[in-house]
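Peer 1: Contents of entry_1.cif (mmCIF, C-alpha atoms) are below:
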```
data_start
loop_
_atom_site.label_atom_id
_atom_site.label_comp_id
_atom_site.auth_asym_id
_atom_site.auth_seq_id
_atom_site.Cartn_x
_atom_site.Cartn_y
_atom_site.Cartn_z
CA MET A 157 -153.74 12.01 108.57
CA ASN A 158 -150.12 12.98 109.16
CA GLU A 159 -147.42 12.50 106.54
CA ARG A 160 -145.77 9.61 108.35
CA ASN A 161 -148.99 7.59 108.49
CA ARG A 162 -149.90 8.47 104.92
CA ARG A 163 -146.50 7.26 103.71
CA GLY A 164 -146.84 4.10 105.78
CA ILE A 165 -150.05 2.97 104.05
CA ALA A 166 -149.31 4.38 100.58
CA LEU A 167 -147.76 1.20 99.21
CA GLY A 168 -150.54 -1.03 100.48
CA ALA A 169 -151.11 -4.69 101.31
CA ASP A 170 -150.70 -5.93 97.73
CA TYR A 171 -147.29 -4.26 97.53
CA ARG A 172 -146.23 -6.09 100.69
CA ARG A 173 -147.31 -9.39 99.08
CA ILE A 174 -145.35 -8.54 95.93
CA TRP A 175 -142.32 -7.60 98.04
CA PHE A 176 -142.51 -10.88 99.99
CA GLY A 177 -142.96 -12.88 96.79
CA ASN A 178 -139.90 -11.23 95.27
CA ALA A 179 -137.85 -11.81 98.42
CA SER A 180 -138.79 -15.51 98.65
CA SER A 181 -138.14 -16.23 94.99
CA ASN A 182 -134.83 -14.36 95.14
CA LEU A 183 -133.77 -16.52 98.08
CA ALA A 184 -134.30 -19.56 95.84
CA ASP A 185 -132.33 -17.84 93.05
CA GLY A 186 -129.41 -17.10 95.37
CA VAL A 187 -129.32 -20.66 96.71
CA THR A 188 -129.56 -22.07 93.17
CA PHE A 189 -126.70 -19.88 91.94
CA ILE A 190 -124.31 -21.80 94.18
CA ALA A 191 -125.98 -25.16 94.74
CA LEU A 192 -126.78 -26.35 91.22
CA PRO A 193 -123.24 -25.82 89.85
CA LEU A 194 -121.91 -27.64 92.93
CA LEU A 195 -124.36 -30.47 92.23
CA ALA A 196 -123.16 -30.55 88.61
CA THR A 197 -119.56 -31.08 89.76
CA THR A 198 -120.64 -34.24 91.59
CA ILE A 199 -122.04 -35.59 88.30
CA THR A 200 -119.35 -34.59 85.80
CA ASP A 201 -115.74 -33.34 85.80
CA SER A 202 -116.06 -31.73 82.37
CA PRO A 203 -115.67 -27.90 82.42
CA VAL A 204 -117.57 -27.76 79.13
CA ALA A 205 -120.49 -29.70 80.58
CA VAL A 206 -120.65 -27.44 83.65
CA ALA A 207 -120.36 -24.25 81.55
CA GLY A 208 -123.17 -25.58 79.38
CA LEU A 209 -125.59 -24.98 82.26
CA SER A 210 -125.20 -21.22 81.86
CA ILE A 211 -125.63 -21.52 78.10
CA ALA A 212 -128.87 -23.49 78.55
CA TYR A 213 -130.13 -20.85 81.00
CA SER A 214 -129.25 -17.85 78.82
CA LEU A 215 -130.40 -19.36 75.52
CA SER A 216 -133.82 -20.28 76.88
CA ARG A 217 -134.29 -16.71 78.15
CA ILE A 218 -133.34 -15.13 74.83
CA LEU A 219 -135.63 -17.43 72.84
CA SER A 220 -138.63 -17.00 75.13
CA VAL A 221 -138.55 -13.38 76.29
CA LEU A 222 -140.62 -11.80 73.49
CA GLY A 223 -143.32 -14.45 73.66
CA ILE A 224 -143.43 -14.04 77.45
CA GLY A 225 -144.09 -10.32 76.95
CA VAL A 226 -147.18 -11.15 74.88
CA LEU A 227 -148.37 -13.66 77.48
CA ILE A 228 -148.08 -11.06 80.26
CA ASP A 229 -150.18 -8.56 78.31
CA ARG A 230 -152.84 -11.12 77.44
CA SER A 231 -153.19 -12.89 80.79
CA ASP A 232 -154.03 -12.36 84.43
CA ARG A 233 -150.65 -11.26 85.79
CA ARG A 234 -151.48 -12.41 89.30
CA ARG A 235 -152.15 -15.93 88.01
CA LEU A 236 -148.93 -15.94 86.00
CA LEU A 237 -146.94 -15.01 89.10
CA TYR A 238 -148.26 -17.70 91.39
CA LEU A 239 -148.28 -20.40 88.71
CA ALA A 240 -144.68 -19.56 87.76
CA ASN A 241 -143.50 -19.93 91.34
CA PHE A 242 -145.57 -23.04 92.06
CA SER A 243 -144.18 -24.67 88.90
CA ARG A 244 -140.62 -23.82 89.94
CA ALA A 245 -141.32 -25.38 93.33
CA GLY A 246 -142.48 -28.54 91.58
CA MET A 247 -139.35 -28.58 89.45
CA PHE A 248 -137.08 -28.40 92.50
CA ALA A 249 -139.15 -31.09 94.23
CA VAL A 250 -138.30 -33.40 91.32
CA ILE A 251 -134.60 -32.49 91.61
CA THR A 252 -134.73 -33.18 95.36
CA GLY A 253 -136.16 -36.61 94.69
CA LEU A 254 -133.58 -37.41 92.01
CA VAL A 255 -130.71 -36.40 94.30
CA LEU A 256 -132.09 -38.48 97.17
CA LEU A 257 -132.28 -41.45 94.81
CA ASP A 258 -128.78 -40.69 93.50
CA ALA A 259 -130.29 -40.61 90.02
CA ALA A 260 -129.73 -37.01 88.86
CA PRO A 261 -128.12 -37.10 85.39
CA ILE A 262 -126.46 -34.00 83.92
CA VAL A 263 -129.21 -33.83 81.28
CA ALA A 264 -131.72 -33.29 84.09
CA LEU A 265 -129.76 -30.23 85.26
CA TYR A 266 -129.67 -28.89 81.71
CA LEU A 267 -133.44 -29.24 81.56
CA VAL A 268 -133.82 -27.56 84.94
CA TYR A 269 -131.63 -24.64 83.88
CA ALA A 270 -133.47 -24.20 80.57
CA VAL A 271 -136.91 -24.31 82.18
CA MET A 272 -135.68 -22.13 85.04
CA GLY A 273 -134.54 -19.49 82.56
CA ILE A 274 -137.99 -19.38 80.96
CA VAL A 275 -139.97 -19.41 84.20
CA GLU A 276 -137.70 -16.87 85.92
CA THR A 277 -138.07 -14.54 82.95
CA LEU A 278 -141.85 -14.94 83.17
CA ALA A 279 -141.91 -14.35 86.93
CA ASP A 280 -139.51 -11.37 86.85
CA SER A 281 -141.27 -9.73 83.90
CA ALA A 282 -144.71 -10.22 85.41
CA ALA A 283 -143.54 -8.80 88.75
CA VAL A 284 -142.27 -5.63 87.04
CA ALA A 285 -145.50 -5.33 85.04
CA VAL A 286 -147.79 -5.89 88.02
CA LEU A 287 -146.13 -3.39 90.37
CA PRO A 288 -147.60 -0.23 88.73
CA GLN A 289 -151.06 -1.77 89.17
CA ALA A 290 -150.49 -2.17 92.92
CA VAL A 291 -148.56 1.03 93.72
CA PRO A 292 -149.39 4.68 92.93
CA PRO A 293 -147.08 6.21 90.28
CA GLU A 294 -145.52 8.66 92.74
CA ARG A 295 -144.49 5.73 94.97
CA LEU A 296 -142.84 3.56 92.30
CA ASP A 297 -139.35 4.91 93.11
CA ARG A 298 -139.76 3.95 96.74
CA ALA A 299 -141.22 0.53 95.92
CA ASN A 300 -138.54 -0.30 93.36
CA SER A 301 -135.82 0.85 95.77
CA GLN A 302 -137.10 -1.41 98.55
CA ILE A 303 -137.40 -4.40 96.22
CA ALA A 304 -133.94 -3.79 94.73
CA GLY A 305 -132.32 -3.44 98.15
CA THR A 306 -133.97 -6.60 99.44
CA GLN A 307 -133.01 -8.50 96.30
CA LEU A 308 -129.40 -7.39 96.62
CA VAL A 309 -129.13 -8.50 100.25
CA ILE A 310 -130.67 -11.90 99.54
CA ASP A 311 -128.83 -12.54 96.26
CA GLU A 312 -125.43 -11.45 97.51
CA PHE A 313 -125.31 -11.99 101.28
CA VAL A 314 -127.91 -14.64 102.15
CA GLY A 315 -128.64 -17.00 99.26
CA PRO A 316 -125.15 -18.03 98.04
CA PRO A 317 -123.57 -18.74 101.46
CA LEU A 318 -126.75 -20.48 102.61
CA GLY A 319 -126.75 -22.58 99.45
CA GLY A 320 -123.13 -23.60 99.98
CA PHE A 321 -123.73 -24.40 103.65
CA LEU A 322 -126.79 -26.53 102.91
CA PHE A 323 -125.03 -28.37 100.09
CA ALA A 324 -122.16 -29.20 102.44
CA MET A 325 -124.71 -30.69 104.85
CA ALA A 326 -126.62 -32.70 102.24
CA ALA A 327 -126.76 -32.44 98.43
CA PHE A 328 -130.57 -32.45 98.41
CA ALA A 329 -130.98 -29.73 101.07
CA PRO A 330 -130.69 -26.64 98.78
CA SER A 331 -133.37 -27.96 96.40
CA ALA A 332 -135.61 -28.82 99.35
CA LEU A 333 -135.26 -25.27 100.72
CA ASN A 334 -136.08 -23.88 97.26
CA VAL A 335 -139.32 -25.85 97.24
CA VAL A 336 -140.38 -24.14 100.49
CA ALA A 337 -139.23 -20.66 99.37
CA LEU A 338 -140.99 -20.86 96.01
CA LEU A 339 -144.20 -22.22 97.52
CA ALA A 340 -144.15 -19.24 99.90
CA ALA A 341 -143.62 -16.86 96.96
CA GLY A 342 -146.46 -18.45 94.99
CA PHE A 343 -148.80 -18.24 97.96
CA ALA A 344 -147.95 -14.54 98.45
CA TYR A 345 -148.82 -13.79 94.82
CA TRP A 346 -151.96 -15.95 95.05
CA GLN A 347 -153.14 -13.67 97.87
CA LEU A 348 -153.04 -10.52 95.70
CA ARG A 349 -156.46 -8.92 95.86
CA GLY A 350 -156.31 -6.23 93.18
CA ARG A 351 -157.42 -6.63 89.56
CA TYR A 352 -154.46 -7.65 87.44
CA VAL A 353 -156.12 -8.42 84.12
CA VAL A 354 -155.36 -5.56 81.72
CA ALA A 355 -157.80 -4.44 79.07
CA PRO A 356 -156.41 -3.72 75.57
CA ALA A 357 -155.17 -0.17 74.97
CA ASP A 358 -157.90 0.14 72.32
CA PRO A 359 -161.13 -1.50 73.58
CA GLY A 360 -162.12 -2.24 69.98
CA ASP A 361 -159.01 -4.33 69.37
CA SER A 362 -159.20 -8.10 69.41
CA PRO A 363 -156.11 -10.21 70.16
CA GLY A 364 -154.05 -10.70 67.02
CA GLY A 365 -151.30 -13.18 66.36
CA ILE A 366 -148.27 -13.45 68.60
CA LEU A 367 -145.96 -11.92 66.00
CA ALA A 368 -148.36 -9.03 65.47
CA ASP A 369 -148.46 -8.38 69.22
CA ILE A 370 -144.67 -8.51 69.46
CA ARG A 371 -144.38 -6.09 66.57
CA GLU A 372 -146.89 -3.71 68.16
CA GLY A 373 -144.91 -3.61 71.39
CA ALA A 374 -141.59 -3.14 69.63
CA VAL A 375 -142.95 -0.35 67.42
CA TRP A 376 -144.43 1.47 70.41
CA ALA A 377 -141.15 1.18 72.33
CA MET A 378 -139.08 2.49 69.43
CA ARG A 379 -141.45 5.42 68.81
CA HIS A 380 -141.48 6.59 72.43
CA GLN A 381 -138.39 8.78 72.74
CA VAL A 382 -137.74 8.21 76.45
CA VAL A 383 -138.43 4.46 76.47
CA ARG A 384 -136.33 4.00 73.33
CA LEU A 385 -133.46 5.85 75.00
CA LEU A 386 -133.64 3.62 78.07
CA ILE A 387 -133.64 0.45 75.96
CA VAL A 388 -130.64 1.58 73.89
CA VAL A 389 -128.69 2.78 76.93
CA GLY A 390 -129.56 -0.42 78.78
CA GLY A 391 -128.15 -2.51 75.93
CA ILE A 392 -124.94 -0.48 75.82
CA ALA A 393 -124.58 -0.72 79.60
CA CYS A 394 -125.04 -4.51 79.48
CA VAL A 395 -122.18 -4.82 76.99
CA GLY A 396 -119.98 -2.56 79.14
CA TYR A 397 -120.85 -4.43 82.33
CA MET A 398 -120.14 -7.88 80.95
CA ILE A 399 -116.80 -7.06 79.29
CA PRO A 400 -114.82 -7.08 82.58
CA PHE A 401 -117.21 -9.17 84.66
CA SER A 402 -116.90 -12.09 82.24
CA TYR A 403 -113.33 -12.68 83.42
CA LEU A 404 -113.38 -10.86 86.78
CA VAL A 405 -112.35 -13.95 88.73
CA LEU A 406 -109.14 -14.21 86.66
CA TYR A 407 -108.45 -10.48 87.04
CA THR A 408 -108.71 -10.67 90.83
CA ARG A 409 -106.43 -13.71 90.94
CA ASP A 410 -103.69 -12.56 88.53
CA GLU A 411 -103.77 -8.77 88.96
CA LEU A 412 -104.84 -8.40 92.59
CA GLY A 413 -103.40 -11.65 93.94
CA LEU A 414 -106.63 -12.72 95.66
CA ASP A 415 -107.57 -16.32 96.39
CA ALA A 416 -111.13 -17.68 96.29
CA THR A 417 -111.90 -16.28 99.75
CA GLY A 418 -110.56 -12.86 98.79
CA TYR A 419 -112.63 -12.91 95.61
CA GLY A 420 -115.77 -13.63 97.60
CA LEU A 421 -115.00 -10.88 100.09
CA LEU A 422 -114.38 -8.40 97.26
CA LEU A 423 -117.77 -9.17 95.72
CA SER A 424 -119.48 -8.94 99.11
CA PHE A 425 -117.91 -5.53 99.76
CA SER A 426 -118.92 -4.29 96.31
CA ALA A 427 -122.51 -5.34 97.04
CA LEU A 428 -122.55 -2.79 99.86
CA GLY A 429 -122.43 -0.16 97.14
CA GLY A 430 -125.66 -1.57 95.76
CA LEU A 431 -127.32 -1.15 99.14
CA LEU A 432 -126.20 2.47 99.20
CA GLY A 433 -127.52 2.98 95.67
CA SER A 434 -130.91 1.51 96.51
CA PHE A 435 -131.06 3.77 99.58
CA VAL A 436 -130.28 7.04 97.77
CA ALA A 437 -132.04 6.44 94.43
CA ALA A 438 -135.47 7.80 95.37
CA ARG A 439 -133.89 10.71 97.25
CA MET A 440 -131.76 11.61 94.21
CA ARG A 441 -134.81 11.60 91.96
CA LYS A 442 -136.66 13.99 94.29
CA ARG A 443 -133.73 16.40 94.31
CA ILE A 444 -132.52 16.37 90.70
CA GLY A 445 -135.12 14.40 88.72
CA TYR A 446 -134.97 11.20 86.71
CA GLY A 447 -132.84 12.53 83.86
CA TRP A 448 -129.99 13.93 85.92
CA SER A 449 -130.08 10.96 88.32
CA ILE A 450 -129.56 8.62 85.36
CA VAL A 451 -126.74 10.79 83.98
CA ALA A 452 -125.02 10.98 87.37
CA ALA A 453 -125.26 7.21 87.79
CA LEU A 454 -123.75 6.53 84.35
CA ILE A 455 -120.88 8.95 85.02
CA VAL A 456 -120.10 7.04 88.22
CA GLY A 457 -120.22 3.75 86.28
CA ALA A 458 -117.79 5.01 83.64
CA ALA A 459 -115.41 6.54 86.19
CA SER A 460 -115.40 3.37 88.30
CA PHE A 461 -114.15 1.19 85.44
CA VAL A 462 -111.55 3.76 84.38
CA VAL A 463 -110.19 3.87 87.94
CA ILE A 464 -109.92 0.06 88.03
CA SER A 465 -108.04 0.07 84.71
CA LEU A 466 -105.42 2.38 86.26
CA SER A 467 -104.83 0.65 89.61
CA THR A 468 -104.10 -2.76 91.09
CA ASN A 469 -104.45 -1.59 94.68
CA VAL A 470 -107.02 -3.89 96.28
CA VAL A 471 -108.56 -1.12 98.39
CA VAL A 472 -108.93 1.22 95.41
CA VAL A 473 -110.42 -1.53 93.26
CA ALA A 474 -112.83 -2.57 96.03
CA ILE A 475 -114.09 1.01 96.44
CA ALA A 476 -114.40 1.45 92.68
CA LEU A 477 -116.36 -1.80 92.34
CA ALA A 478 -118.66 -0.72 95.17
CA ALA A 479 -119.21 2.60 93.37
CA TYR A 480 -119.96 0.70 90.18
CA ILE A 481 -122.59 -1.49 91.87
CA ALA A 482 -124.08 1.63 93.48
CA HIS A 483 -124.42 3.18 90.02
CA ALA A 484 -126.07 -0.01 88.75
CA ALA A 485 -128.65 0.07 91.54
CA VAL A 486 -129.55 3.72 90.88
CA TRP A 487 -129.71 3.17 87.11
CA ASN A 488 -131.92 0.09 87.41
CA ILE A 489 -134.33 1.74 89.84
CA MET A 490 -134.61 4.93 87.77
CA ALA A 491 -134.95 3.13 84.43
CA THR A 492 -137.53 0.67 85.76
CA SER A 493 -139.62 3.42 87.36
CA VAL A 494 -139.56 5.56 84.21
CA ARG A 495 -140.55 2.66 81.98
CA GLN A 496 -143.33 1.62 84.36
CA ARG A 497 -144.72 5.16 84.39
CA ALA A 498 -144.33 5.79 80.66
CA THR A 499 -145.65 2.51 79.29
CA PRO A 500 -149.40 1.81 78.98
CA ALA A 501 -150.49 -1.00 81.30
CA ALA A 502 -151.75 -3.03 78.34
CA MET A 503 -148.27 -3.03 76.76
CA MET A 504 -146.10 -3.37 79.86
CA GLY A 505 -145.14 -6.99 79.15
CA ARG A 506 -144.22 -6.53 75.50
CA VAL A 507 -142.32 -3.29 75.94
CA GLY A 508 -140.45 -4.76 78.90
CA SER A 509 -139.60 -7.86 76.86
CA VAL A 510 -137.99 -5.71 74.15
CA GLY A 511 -135.73 -4.13 76.76
CA ARG A 512 -134.92 -7.50 78.30
CA LEU A 513 -134.05 -8.99 74.90
CA ILE A 514 -131.67 -6.13 74.08
CA GLY A 515 -130.11 -6.49 77.54
CA LEU A 516 -129.64 -10.25 77.18
CA ILE A 517 -128.04 -9.81 73.77
CA GLY A 518 -125.80 -7.11 75.24
CA LEU A 519 -124.68 -9.46 78.01
CA ALA A 520 -123.83 -12.17 75.48
CA VAL A 521 -121.90 -9.72 73.28
CA GLY A 522 -120.09 -8.30 76.29
CA ALA A 523 -119.08 -11.76 77.54
CA GLY A 524 -117.61 -12.67 74.15
CA ALA A 525 -115.87 -9.33 73.78
CA GLY A 526 -114.50 -9.50 77.32
CA GLY A 527 -112.81 -12.83 76.69
CA LEU A 528 -111.27 -11.66 73.41
CA LEU A 529 -110.11 -8.31 74.82
CA ALA A 530 -108.59 -9.90 77.93
CA SER A 531 -106.73 -12.41 75.76
CA GLY A 532 -105.40 -9.74 73.43
CA PHE A 533 -104.77 -6.76 75.72
CA GLY A 534 -104.48 -8.15 79.25
CA TYR A 535 -106.89 -7.86 82.14
CA ARG A 536 -106.79 -4.10 82.79
CA MET A 537 -107.38 -2.55 79.37
CA PRO A 538 -110.89 -4.04 78.96
CA PHE A 539 -112.00 -2.09 82.04
CA ALA A 540 -111.10 1.14 80.27
CA ILE A 541 -112.95 0.01 77.14
CA ALA A 542 -115.98 -0.88 79.26
CA GLY A 543 -115.77 2.58 80.81
CA GLY A 544 -115.93 3.93 77.27
CA PHE A 545 -119.24 2.16 76.71
CA PHE A 546 -120.65 3.85 79.80
CA ALA A 547 -119.27 7.19 78.58
CA VAL A 548 -121.17 6.71 75.30
CA ALA A 549 -124.33 5.91 77.27
CA THR A 550 -123.81 9.06 79.33
CA VAL A 551 -123.46 11.20 76.20
CA LEU A 552 -126.67 9.75 74.76
CA CYS A 553 -128.55 10.61 77.95
CA LEU A 554 -127.07 14.11 78.06
CA ALA A 555 -128.12 14.66 74.45
CA SER A 556 -131.67 13.63 75.42
CA ILE A 557 -131.82 15.37 78.80
CA GLY A 558 -134.37 17.83 77.44
CA SER A 559 -136.71 15.01 76.45
CA LEU A 560 -136.28 13.31 79.82
CA ARG A 561 -137.06 16.54 81.68
CA SER A 562 -140.04 17.32 79.42
CA TRP A 563 -141.46 13.85 80.00
CA GLU A 564 -140.99 14.21 83.75
CA GLU A 565 -142.69 17.61 83.77
CA SER A 566 -145.65 16.19 81.85
CA GLU A 567 -145.88 13.38 84.42
CA LYS A 568 -145.92 15.92 87.25
CA ARG A 569 -148.67 17.94 85.54
CA ALA A 570 -150.72 14.79 84.98
CA ALA A 571 -150.30 13.76 88.62
CA THR A 572 -151.30 17.24 89.83
CA SER A 573 -154.34 17.27 87.56
CA SER A 574 -155.37 13.80 88.72
CA ALA A 575 -154.98 14.77 92.38
CA GLY A 576 -157.10 17.88 91.77
CA GLU A 577 -159.86 15.84 90.15
CA CYS A 578 -159.84 13.45 93.12
CA ARG A 579 -160.22 16.32 95.56
CA VAL A 580 -163.11 17.79 93.54
CA SER A 581 -164.87 14.41 93.44
CA GLU A 582 -164.51 14.05 97.21
CA PHE A 583 -166.42 17.29 97.88
CA SER A 584 -168.94 17.12 95.05
#
```
Before we go any further, please render this structure as structure tokens.
Peer 2:
Amino acid sequence: MNERNRRGIALGADYRRIWFGNASSNLADGVTFIALPLLATTITDSPVAVAGLSIAYSLSRILSVLGIGVLIDRSDRRRLLYLANFSRAGMFAVITGLVLLDAAPIVALYLVYAVMGIVETLADSAAVAVLPQAVPPERLDRANSQIAGTQLVIDEFVGPPLGGFLFAMAAFAPSALNVVALLAAGFAYWQLRGRYVVAPADPGDSPGGILADIREGAVWAMRHQVVRLLIVVGGIACVGYMIPFSYLVLYTRDELGLDATGYGLLLSFSALGGLLGSFVAARMRKRIGYGWSIVAALIVGAASFVVISLSTNVVVVAIALAAYIAHAAVWNIMATSVRQRATPAAMMGRVGSVGRLIGLIGLAVGAGAGGLLASGFGYRMPFAIAGGFFAVATVLCLASIGSLRSWEESEKRAATSSAGECRVSEFS
């Protein structure tokens, strides 16, 4: 079998179902990002009430993420994926009915956002955990790159404008589309044919309490040098990211002189950087390895924010933002692939939940810090401070580059040994 054909079938039918499920659910996410806030403005004129939707969404994710990690490790991950998407479809069907009846109170949207935060966290975490069971380890970079690129296109270029267009046609239309998209995602996950129930790491272990399981996952994550590094760096990067992005719309208006259309175009252009990042990530890893790919990405992230802090030229800022989003795509793909390869299948949910919790806390801290820094120092200085956070993350990775390279070499040896055993078994 030639290399082209071998590469074509390597990811397999279950991967294609996972990819389609991700794409369909992300379409619903992109539509929701625009449509539900627009729906809220037809119910209330209070900025506090509208902002409360994001609080309900974020708070529910923070409070549920560790328990969701335990659920993923204890349950059939395939079942979790299709039930999560079917339940989201049912939730949007209720919203569609309420809007058609002109009976959608703001409290209903709060409930939707809170439940959506929990179910999205479950679906996203389960999708990350299930991928290594469907794709060979050496193909995880490629699989994660394809999923990340598709997600970026749908979240940035398809979902939001489609959501706005449908809402302009009829207020119920975005929720109705979400019902169809989420049913399609659930059906794709329901069709998974592999085995997605994970046995305990120690066959003699019996399920303990939820807190004991959470503690076990957290302890394992903190003891594994590479995974611990990725969690810490991810938390620092989340703080750095959210510092300027928490007030980015004000920065573009007051510093760059852009109106709402210009702001949208700037974000769309920056998303092109993410497409580039998802395209080059796997190729970078093959050339320079995981460790140096992560370091290079973080350097680009730090430099991008420093450049923005020094210039108000729209073209320069647009290119720098695109470079920043490119760095984010490479970092996310590399970090996800490393964690998927390093973490035992039986602990994938809990270890992932620890990283997600630290990231969510980092986003909340960064948002608060961004508002305070922008109020005290203006809109440009916080970009430089955010660049400093990425510089710290870069230094941490450089200090641990030996550990990253040693881990990668051990993975290569294990893969070579496994391939050799397979070849022996074929001819024995």
Peer 1: Find the residue from A:Ala337, A:Ile224, A:Met537, A:Ile455 that sits nearest to A:Asn182; use all atoms listed in the file when measuring.
Peer 2: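 The closest residue to A:Asn182 is A:Ala337.
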Peer 1: From (-142.7, 1.7, 80.0), in the file's coordinates, out to 12 Å: which residues are reached, counting all atoms listed in the file? Answer as a PyMOL selection string.
Peer 2: chain A and resi 284-285+288+373-374+376-387+490-511
Peer 1: Atom CA of A:Gly186 to atom CA of A:Asn469: how many Å, to one decimal?
Peer 2: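 Atom CA of A:Asn469 lies at a distance of 29.4 Å from atom CA of A:Gly186.
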Peer 1: For atom CA of A:Val291 and atom CA of A:Ala169, determine how far apart the two atoms are, in Å to one decimal place.
Peer 2: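 These two atoms are separated by 9.8 Å.
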Peer 1: Apply the PyMOL selection byres ((chain A and resi 545) around 12) to the structure shown and report the selected residues as number ranges by chain.
Peer 2: A: 388-400, 454-455, 457-459, 461-462, 518, 522, 538-544, 546-552
Peer 1: Compare A:Gly527, A:Gly350, A:Gly430, A:Pro316 by their minimum atom-to-atom distance to A:Ile489, counting only C-alpha atoms, and give me the closest one.
Peer 2: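 The shortest atom-to-atom distance to A:Ile489 comes from A:Gly430.
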Peer 1: For each of A:Ser210, A:Ser243, A:Ser216, A:Ser556, take the minimum atom-to-atom distance to A:Leu338, counting all atoms listed in the file, then give the residue where this is smallest.
Peer 2: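 Using all atoms listed in the file, A:Leu338 sits closest to A:Ser243.
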Peer 1: For A:Tyr213, please output as a ChimeraX atom specification all residues within 12 Å (counting all atoms listed in the file; exclusion window: fewer than 3 positions along the same chain).
Peer 2: /A:189,206-210,216-220,265-277,516
Peer 1: Apply the PyMOL selection byres ((chain A and resi 440-449) around 7) to the file shown and report the selected residues as a ChimeraX atom specification.
Peer 2: /A:436-439,450-453,490,557,560-561
Peer 1: For a test of reading the model, state the distance in Å between atom CA of A:Glu565 and atom CA of A:Asp229, rounded to one decimal.
Peer 2: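 About the pair atom CA of A:Glu565 and atom CA of A:Asp229: they are 27.8 Å apart.
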Peer 1: Select, from A:Val187, A:Leu308, A:Leu406, A:Val354, the residue with the minimum atom-to-atom distance to A:Ile481, counting all atoms listed in the file.
Peer 2: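 With all atoms listed in the file as the atom set, the closest residue is A:Leu308.
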Peer 1: Report as a PyMOL selection string the residues that result from applying the PyMOL selection byres ((chain A and resi 279) around 8) to the structure here.
Peer 2: chain A and resi 236-237+240-241+275-278+280-283
Peer 1: Pick out the closest residue to A:Ala570 from this set: A:Gly223, A:Gly413, A:Pro193, A:Pro293. Count only C-alpha atoms.
Peer 2: A:Pro293
Peer 1: Can you list, as a VMD selection string, every protein, DNA or RNA residue that comes within 12 Å of A:Gly253 when you count only C-alpha atoms, leaving out same-chain residues fewer than 3 positions away?
Peer 2: chain A and resid 246 to 250 256 to 260 264 327 to 329 331 to 332 335
Peer 1: Keeping only C-alpha atoms, write those residues as a compact mmCIF listing (two decimals), keeping the file's coordinate frame.
Peer 2:
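Final output, saved to result.txt:
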```txt
# COMPACT_ATOMS: atom_id res chain seq x y z
CA GLY A 246 -142.48 -28.54 91.58
CA MET A 247 -139.35 -28.58 89.45
CA PHE A 248 -137.08 -28.40 92.50
CA ALA A 249 -139.15 -31.09 94.23
CA VAL A 250 -138.30 -33.40 91.32
CA LEU A 256 -132.09 -38.48 97.17
CA LEU A 257 -132.28 -41.45 94.81
CA ASP A 258 -128.78 -40.69 93.50
CA ALA A 259 -130.29 -40.61 90.02
CA ALA A 260 -129.73 -37.01 88.86
CA ALA A 264 -131.72 -33.29 84.09
CA ALA A 327 -126.76 -32.44 98.43
CA PHE A 328 -130.57 -32.45 98.41
CA ALA A 329 -130.98 -29.73 101.07
CA SER A 331 -133.37 -27.96 96.40
CA ALA A 332 -135.61 -28.82 99.35
CA VAL A 335 -139.32 -25.85 97.24
```
Peer 1: Which residues are close to A:Leu318, i.e. within 12 Å by only C-alpha atoms, leaving aside same-chain residues fewer than 3 positions away? Reply as a list of chain:residue names.
Peer 2: A:Leu183, A:Ala184, A:Asp185, A:Gly186, A:Val187, A:Thr188, A:Phe189, A:Ile190, A:Ala191, A:Ile310, A:Asp311, A:Glu312, A:Phe313, A:Val314, A:Gly315, A:Phe321, A:Leu322, A:Phe323, A:Ala324, A:Met325, A:Ala329, A:Pro330, A:Ser331, A:Leu333, A:Asn334
